Each structure stands twice: as structure tokens, then as C-alpha cells.
Amino acid sequence: MQEIQIPLGLLIREGEILLKAAEIEDPRREAQLLIAAALQKSMTEIFMMDKNTLIDPVLIRQYFARRGKREPFAYIVKEQGFWSLDLAVSPATLIPRADSESLIEVLLELLPDRQNSYRFLDLGTGTGCLLLAALSEYPNAFGVGVEKIPQAALLAHKNAQYCKLQDRASFVIGNWADAVQGEFDVVLSNPPYIRKKELLELMPEVQQYEPMSALDGGVDGLDAYRYICNQAIDLLSNNGILVLELGIKQDIEVSNIALLKGLSVVKKQQDLNGCIRALVLSR
């Protein structure tokens, strides 16, 4: 039996009440976003609709229920914007975040020649967001993304196809750079950097739904940086750069790790909140 349709205004209110009880920030806006996604409409269209318009609530209520359990919005709608791209996401990968765009910003600053045929390597590529964003800005560049989770590598490949970058991006399954050979002009990575004891302090959306393997940086949060910096000398071309995403206040510790491995600091880049988010290193 088909469920009775409900006026849009009442449905927004229903979602707002449910999400407020789940302690979702700005629950009314979140409810509207979920309705927009379910109806495949823009937020502007939702705002402009007559609030007495009758809506089939089945899918929308499913979205409300999932978000009420603190499932990330991006996993519910199966996509997330990053840089200028719309990317598919799944629980096999971290959800791309705006903080990571700092790596692309510093890359564009340090490599202003957009027409150069750079070779990119993205370690722990996840959705492919860093590699695909970089390739979108450098039309003659080619890149390789390495990912140890097969489902994530497949998702990154699908994102490359969706962004029409599949001819310049390839993805391999492996542990960091163990799966690749050769030298690269740019090595990008957003590695796990959360200290093990802090994993249980993360917000429910992260702790309960996002893959721990992409978050757990070991006891001090620096395990992946040691591994990557150890490999970097053999990965970088003569003028190549390593661009790493950092956790909060990790720049000094990671810089010291890099120095011990024969790397030097080129630049530190802040994110929109003023935290040093990207560290650029060279041989």
C-alpha cells in the first residue's frame, strides 16, 4: 500500500525535530538538504516550492532515520564535493573534506605552469580526490593513485571516469609506495594521523562510520609519515615535491621525521581555520 503523501512543510518540520533530537547541528537545514537529495532537487528549488506541496515521504524518511543515527550525510547521498569535482563516496573511504583542499592550493602556488606534463602519485588515494583535483588543474599531467582497500581503489577509478580523467589516472592496490616504481614530480598524501587513544573521542559520524584504517595513525599519530618519508627519496624526481596533509599541530614532528630521512621543508600551508594543514617537502 502506498504511503500517504505529506505536505513539504510538515515533512521539513518532522525532519527538523528528529535531527534536533539526534543533536545534529542546524537540523532544519539538514532536513532540507536531505529532502533536496531525495527529490533530486537543489536547495533553491526546495526553498521556492510551496510548502503545501504533497511529497512521497518514504525515501525522505529513510534518509532522516539514517542521519538520525549520525550516519554521515555524504554516505547517505553517496557523493561529496571536493575542489571543483563531485565525487562518489562509500564507507570504504574517508569522506573528502575542505581542509584537504589546502594541498591543492599549495600545489598550484608552487607549480604555476599548468601545461607541464607532471607525474603525480597519490598515496592512500581513497576516493581519488587529491589526485583527480590535481589532474583537473594540470591538463597534461598523469597520475597514479595507490590504495590498499580494493573497494576504495575501484571507487577512485569510477570517480576518474565520472570526472572524465580516466585517460590520465590509474589506480593500483598496495601498501603506500610498495606497489609502484619510478620517480614522480609530485607525491601527495592524506595519511592516517589520528592518535590511537583519540579515536574514541571522534564525533559519532567519524567514529562509527568512516574506515578506521584511514584514521588510525598509531600511538603518536605519526606511523604513516615515517613510512612515507622513508620511501620519498626514491619516489621524488630531482625537483620533485612531497605534499602531506597534517593533523593539528603536527607540523614540527613531521618536519623532524622528514629531516631525518633527508628531506627539507619547502613550505607550510594553512587551512581556512588557520591550522597548518599541508607540509611541502623536497629532496
# chains A, B, ... in the order shown; residues from 1 in each chain; ligands from 1

call {"tool": "residues_around", "arguments": {"residues": "region 204-213 of chain A", "least_positions_apart": "4", "cutoff": "9 Å", "atoms": "only C-alpha atoms", "output": "PyMOL selection string"}}
result
chain A and resi 69-73+75+90-95+192+199-200+217

call {"tool": "write_last_selection", "arguments": {"atoms": "N, CA and C atoms", "output": "compact mmCIF listing (two decimals), in the first residue's frame"}}
result
# COMPACT_ATOMS: atom_id res chain seq x y z
N LYS A 69 20.76 8.48 13.08
CA LYS A 69 21.72 7.57 13.70
C LYS A 69 23.15 8.06 13.54
N ARG A 70 23.27 9.30 13.06
CA ARG A 70 24.54 10.00 12.87
C ARG A 70 25.36 9.44 11.71
N GLU A 71 24.70 8.75 10.79
CA GLU A 71 25.41 8.36 9.57
C GLU A 71 25.75 9.63 8.80
N PRO A 72 26.97 9.76 8.28
CA PRO A 72 27.35 10.98 7.57
C PRO A 72 26.43 11.28 6.38
N PHE A 73 26.14 12.54 6.21
CA PHE A 73 25.29 12.99 5.11
C PHE A 73 25.83 12.48 3.77
N TYR A 75 27.54 9.84 3.01
CA TYR A 75 27.29 8.42 2.77
C TYR A 75 25.83 8.17 2.39
N SER A 90 31.82 6.18 -0.41
CA SER A 90 31.25 4.98 0.18
C SER A 90 31.94 4.74 1.51
N PRO A 91 31.40 3.87 2.37
CA PRO A 91 32.05 3.58 3.65
C PRO A 91 33.43 2.96 3.52
N ALA A 92 33.86 2.63 2.31
CA ALA A 92 35.22 2.11 2.11
C ALA A 92 36.26 3.22 2.14
N THR A 93 35.81 4.48 2.08
CA THR A 93 36.74 5.60 2.00
C THR A 93 36.38 6.68 3.01
N LEU A 94 37.38 7.47 3.36
CA LEU A 94 37.09 8.70 4.08
C LEU A 94 36.30 9.64 3.18
N ILE A 95 35.48 10.47 3.79
CA ILE A 95 34.76 11.50 3.06
C ILE A 95 35.72 12.67 2.82
N PRO A 192 46.66 8.45 7.48
CA PRO A 192 46.06 8.41 8.82
C PRO A 192 46.94 9.18 9.80
N LEU A 199 40.97 8.10 18.95
CA LEU A 199 39.96 7.60 18.02
C LEU A 199 38.58 7.53 18.65
N LEU A 200 38.53 7.17 19.94
CA LEU A 200 37.24 7.06 20.62
C LEU A 200 36.65 8.41 20.99
N GLY A 217 46.57 6.61 13.13
CA GLY A 217 47.97 6.91 12.85
C GLY A 217 48.95 6.28 13.82

call {"tool": "closest_atom_pairs", "arguments": {"of": "region 102-217 of chain A", "to": "region 251-271 of chain A", "cutoff": "8 Å", "atoms": "only C-alpha atoms", "output": "Markdown table"}}
result
| residue | atom | partner | partner_atom | distance |
| --- | --- | --- | --- | --- |
| A:Ser102 | CA | A:Asp271 | CA | 5.7 |
| A:Leu103 | CA | A:Gln269 | CA | 7.7 |
| A:Val106 | CA | A:Gln269 | CA | 6.5 |

call {"tool": "closest_atom_pairs", "arguments": {"of": "region 97-137 of chain A", "to": "region 231-241 of chain A", "cutoff": "10 Å", "atoms": "only C-alpha atoms", "output": "Markdown table"}}
result
| residue | atom | partner | partner_atom | distance |
| --- | --- | --- | --- | --- |
| A:Leu107 | CA | A:Ile241 | CA | 9.2 |
| A:Leu110 | CA | A:Ile241 | CA | 9.4 |
| A:Leu111 | CA | A:Ile241 | CA | 9.9 |
| A:Tyr118 | CA | A:Gly240 | CA | 9.6 |
| A:Arg119 | CA | A:Gly240 | CA | 9.4 |
| A:Phe120 | CA | A:Gly240 | CA | 9.7 |
| A:Leu121 | CA | A:Leu235 | CA | 8.8 |

call {"tool": "write_last_selection", "arguments": {"atoms": "N, CA and C atoms", "output": "PDB file, in the first residue's frame"}}
result
ATOM      1  N   LEU A 107      49.897  23.379  -4.050  1.00  0.00           N
ATOM      2  CA  LEU A 107      50.431  22.800  -5.278  1.00  0.00           C
ATOM      3  C   LEU A 107      50.348  23.805  -6.422  1.00  0.00           C
ATOM      4  N   LEU A 110      53.046  26.509  -5.965  1.00  0.00           N
ATOM      5  CA  LEU A 110      54.433  26.109  -6.174  1.00  0.00           C
ATOM      6  C   LEU A 110      54.711  25.654  -7.602  1.00  0.00           C
ATOM      7  N   LEU A 111      53.681  25.192  -8.309  1.00  0.00           N
ATOM      8  CA  LEU A 111      53.832  24.743  -9.699  1.00  0.00           C
ATOM      9  C   LEU A 111      52.884  25.535 -10.591  1.00  0.00           C
ATOM     10  N   TYR A 118      53.426  16.967 -15.693  1.00  0.00           N
ATOM     11  CA  TYR A 118      53.869  16.456 -14.402  1.00  0.00           C
ATOM     12  C   TYR A 118      53.419  15.010 -14.193  1.00  0.00           C
ATOM     13  N   ARG A 119      54.167  14.307 -13.362  1.00  0.00           N
ATOM     14  CA  ARG A 119      53.800  12.948 -12.951  1.00  0.00           C
ATOM     15  C   ARG A 119      53.419  13.010 -11.481  1.00  0.00           C
ATOM     16  N   PHE A 120      52.169  12.671 -11.187  1.00  0.00           N
ATOM     17  CA  PHE A 120      51.649  12.722  -9.823  1.00  0.00           C
ATOM     18  C   PHE A 120      51.525  11.316  -9.250  1.00  0.00           C
ATOM     19  N   LEU A 121      51.738  11.227  -7.946  1.00  0.00           N
ATOM     20  CA  LEU A 121      51.483  10.000  -7.208  1.00  0.00           C
ATOM     21  C   LEU A 121      50.687  10.371  -5.963  1.00  0.00           C
TER      22      LEU A 121
END

call {"tool": "residues_around", "arguments": {"residues": "Glu79 (chain A)", "least_positions_apart": "2", "cutoff": "10 Å", "atoms": "only C-alpha atoms", "output": "list in words"}}
result
Phe73, Ala74, Tyr75, Ile76, Val77, Gly81, Phe82, Asp86, Leu87, Ala88, Val89, Ser90, Ile95 and Pro96 of chain A

call {"tool": "residues_around", "arguments": {"residues": "region 40-46 of chain A", "least_positions_apart": "5", "cutoff": "12 Å", "atoms": "only C-alpha atoms", "output": "list in words"}}
result
Leu8, Gly9, Leu11, Ile12, Arg29, Glu30, Ala31, Gln32, Leu33, Leu34, Ile35, Lys51, Asn52, Thr53, Ile55, Leu59, Ile60 and Val77 of chain A

call {"tool": "write_last_selection", "arguments": {"atoms": "N, CA and C atoms", "output": "short mmCIF file (atom, residue, chain, number, x, y, z; two decimals), in the first residue's frame"}}
result
data_model
loop_
_atom_site.label_atom_id
_atom_site.label_comp_id
_atom_site.auth_asym_id
_atom_site.auth_seq_id
_atom_site.Cartn_x
_atom_site.Cartn_y
_atom_site.Cartn_z
N LEU A 8 5.12 19.36 2.13
CA LEU A 8 6.56 19.59 2.26
C LEU A 8 6.90 20.26 3.59
N GLY A 9 6.11 21.27 3.99
CA GLY A 9 6.40 21.99 5.22
C GLY A 9 6.37 21.09 6.44
N LEU A 11 6.87 17.88 6.42
CA LEU A 11 7.98 16.94 6.30
C LEU A 11 9.29 17.58 6.77
N ILE A 12 9.49 18.85 6.42
CA ILE A 12 10.67 19.58 6.90
C ILE A 12 10.66 19.64 8.42
N ARG A 29 18.11 22.95 8.38
CA ARG A 29 18.83 22.99 7.10
C ARG A 29 19.21 21.57 6.67
N GLU A 30 19.62 20.74 7.63
CA GLU A 30 19.99 19.37 7.30
C GLU A 30 18.79 18.60 6.76
N ALA A 31 17.62 18.82 7.37
CA ALA A 31 16.41 18.17 6.88
C ALA A 31 16.10 18.61 5.45
N GLN A 32 16.26 19.89 5.18
CA GLN A 32 16.01 20.39 3.83
C GLN A 32 17.01 19.82 2.82
N LEU A 33 18.25 19.69 3.25
CA LEU A 33 19.26 19.11 2.36
C LEU A 33 18.94 17.65 2.03
N LEU A 34 18.48 16.91 3.02
CA LEU A 34 18.12 15.51 2.79
C LEU A 34 16.91 15.40 1.87
N ILE A 35 15.96 16.28 2.07
CA ILE A 35 14.78 16.29 1.19
C ILE A 35 15.20 16.63 -0.24
N LYS A 51 5.07 25.15 0.38
CA LYS A 51 5.23 24.23 1.50
C LYS A 51 4.01 23.33 1.67
N ASN A 52 2.95 23.57 0.93
CA ASN A 52 1.79 22.68 0.95
C ASN A 52 1.87 21.61 -0.13
N THR A 53 2.92 21.63 -0.93
CA THR A 53 3.11 20.62 -1.96
C THR A 53 3.19 19.23 -1.32
N ILE A 55 4.27 15.49 -0.84
CA ILE A 55 5.51 14.77 -1.11
C ILE A 55 5.38 13.32 -0.65
N LEU A 59 11.30 7.64 0.90
CA LEU A 59 12.75 7.75 0.81
C LEU A 59 13.27 8.82 1.76
N ILE A 60 12.54 9.92 1.87
CA ILE A 60 12.97 11.01 2.73
C ILE A 60 13.05 10.55 4.19
N VAL A 77 23.78 10.31 0.76
CA VAL A 77 23.52 10.76 -0.61
C VAL A 77 24.54 10.23 -1.61
#

call {"tool": "residues_around", "arguments": {"residues": "Lys148 (chain A)", "least_positions_apart": "4", "cutoff": "7 Å", "atoms": "only C-alpha atoms", "output": "ChimeraX atom specification"}}
result
/A:173-175

call {"tool": "write_last_selection", "arguments": {"atoms": "C-alpha atoms", "output": "tab-separated table (two decimals), in the first residue's frame"}}
result
chain	number	residue	atom	x	y	z
A	173	ILE	CA	46.12	-1.72	-4.92
A	174	GLY	CA	49.01	-1.72	-2.49
A	175	ASN	CA	50.54	-0.50	0.76

call {"tool": "select_by_dssp", "arguments": {"residues": "region 26-167 of chain A", "states": "strand (DSSP E)", "output": "list of chain:residue names"}}
result
A:Leu54, A:Ile55, A:Glu79, A:Gln80, A:Gly81, A:Phe82, A:Leu85, A:Asp86, A:Leu87, A:Ala88, A:Arg119, A:Phe120, A:Leu121, A:Asp122, A:Leu123, A:Phe142, A:Gly143, A:Val144, A:Gly145, A:Val146, A:Glu147

call {"tool": "atom_distance", "arguments": {"atom1": "CA of Tyr193 (chain A)", "atom2": "CA of Phe142 (chain A)"}}
result
27.1 Å

call {"tool": "residues_around", "arguments": {"residues": "Tyr138 (chain A)", "least_positions_apart": "4", "cutoff": "8 Å", "atoms": "only C-alpha atoms", "output": "MDAnalysis selection string"}}
result
chainID A and resid 114:118 134

call {"tool": "residues_around", "arguments": {"residues": "Glu245 (chain A)", "least_positions_apart": "6", "cutoff": "7 Å", "atoms": "only C-alpha atoms", "output": "ChimeraX atom specification"}}
result
/A:100,103,189-190,277-279

call {"tool": "write_last_selection", "arguments": {"atoms": "C-alpha atoms", "output": "PDB file, in the first residue's frame"}}
result
ATOM      1  CA  SER A 100      42.403  18.726   2.217  1.00  0.00           C
ATOM      2  CA  LEU A 103      47.157  20.582  -0.586  1.00  0.00           C
ATOM      3  CA  SER A 189      49.141  12.017   0.598  1.00  0.00           C
ATOM      4  CA  ASN A 190      46.488  12.442   3.246  1.00  0.00           C
ATOM      5  CA  ARG A 277      47.341  21.606   7.173  1.00  0.00           C
ATOM      6  CA  ALA A 278      49.820  20.955   4.349  1.00  0.00           C
ATOM      7  CA  LEU A 279      53.551  20.359   4.570  1.00  0.00           C
TER       8      LEU A 279
END

call {"tool": "atom_distance", "arguments": {"atom1": "CA of Cys275 (chain A)", "atom2": "CA of Glu23 (chain A)"}}
result
26.4 Å

call {"tool": "closest_residue", "arguments": {"among": "A:Ile104, A:Ile149, A:Leu154, A:Met49", "to": "Leu130 (chain A)", "atoms": "only C-alpha atoms"}}
result
A:Ile104

call {"tool": "atom_distance", "arguments": {"atom1": "CA of Glu101 (chain A)", "atom2": "CA of Leu132 (chain A)"}}
result
11.7 Å

call {"tool": "closest_residue", "arguments": {"among": "A:Leu19, A:Ile24, A:Leu244, A:Val146", "to": "Phe64 (chain A)", "atoms": "only C-alpha atoms"}}
result
A:Leu19

call {"tool": "closest_residue", "arguments": {"among": "A:Asn230, A:Leu272, A:Arg66, A:Asp167", "to": "Arg97 (chain A)", "atoms": "only C-alpha atoms"}}
result
A:Leu272
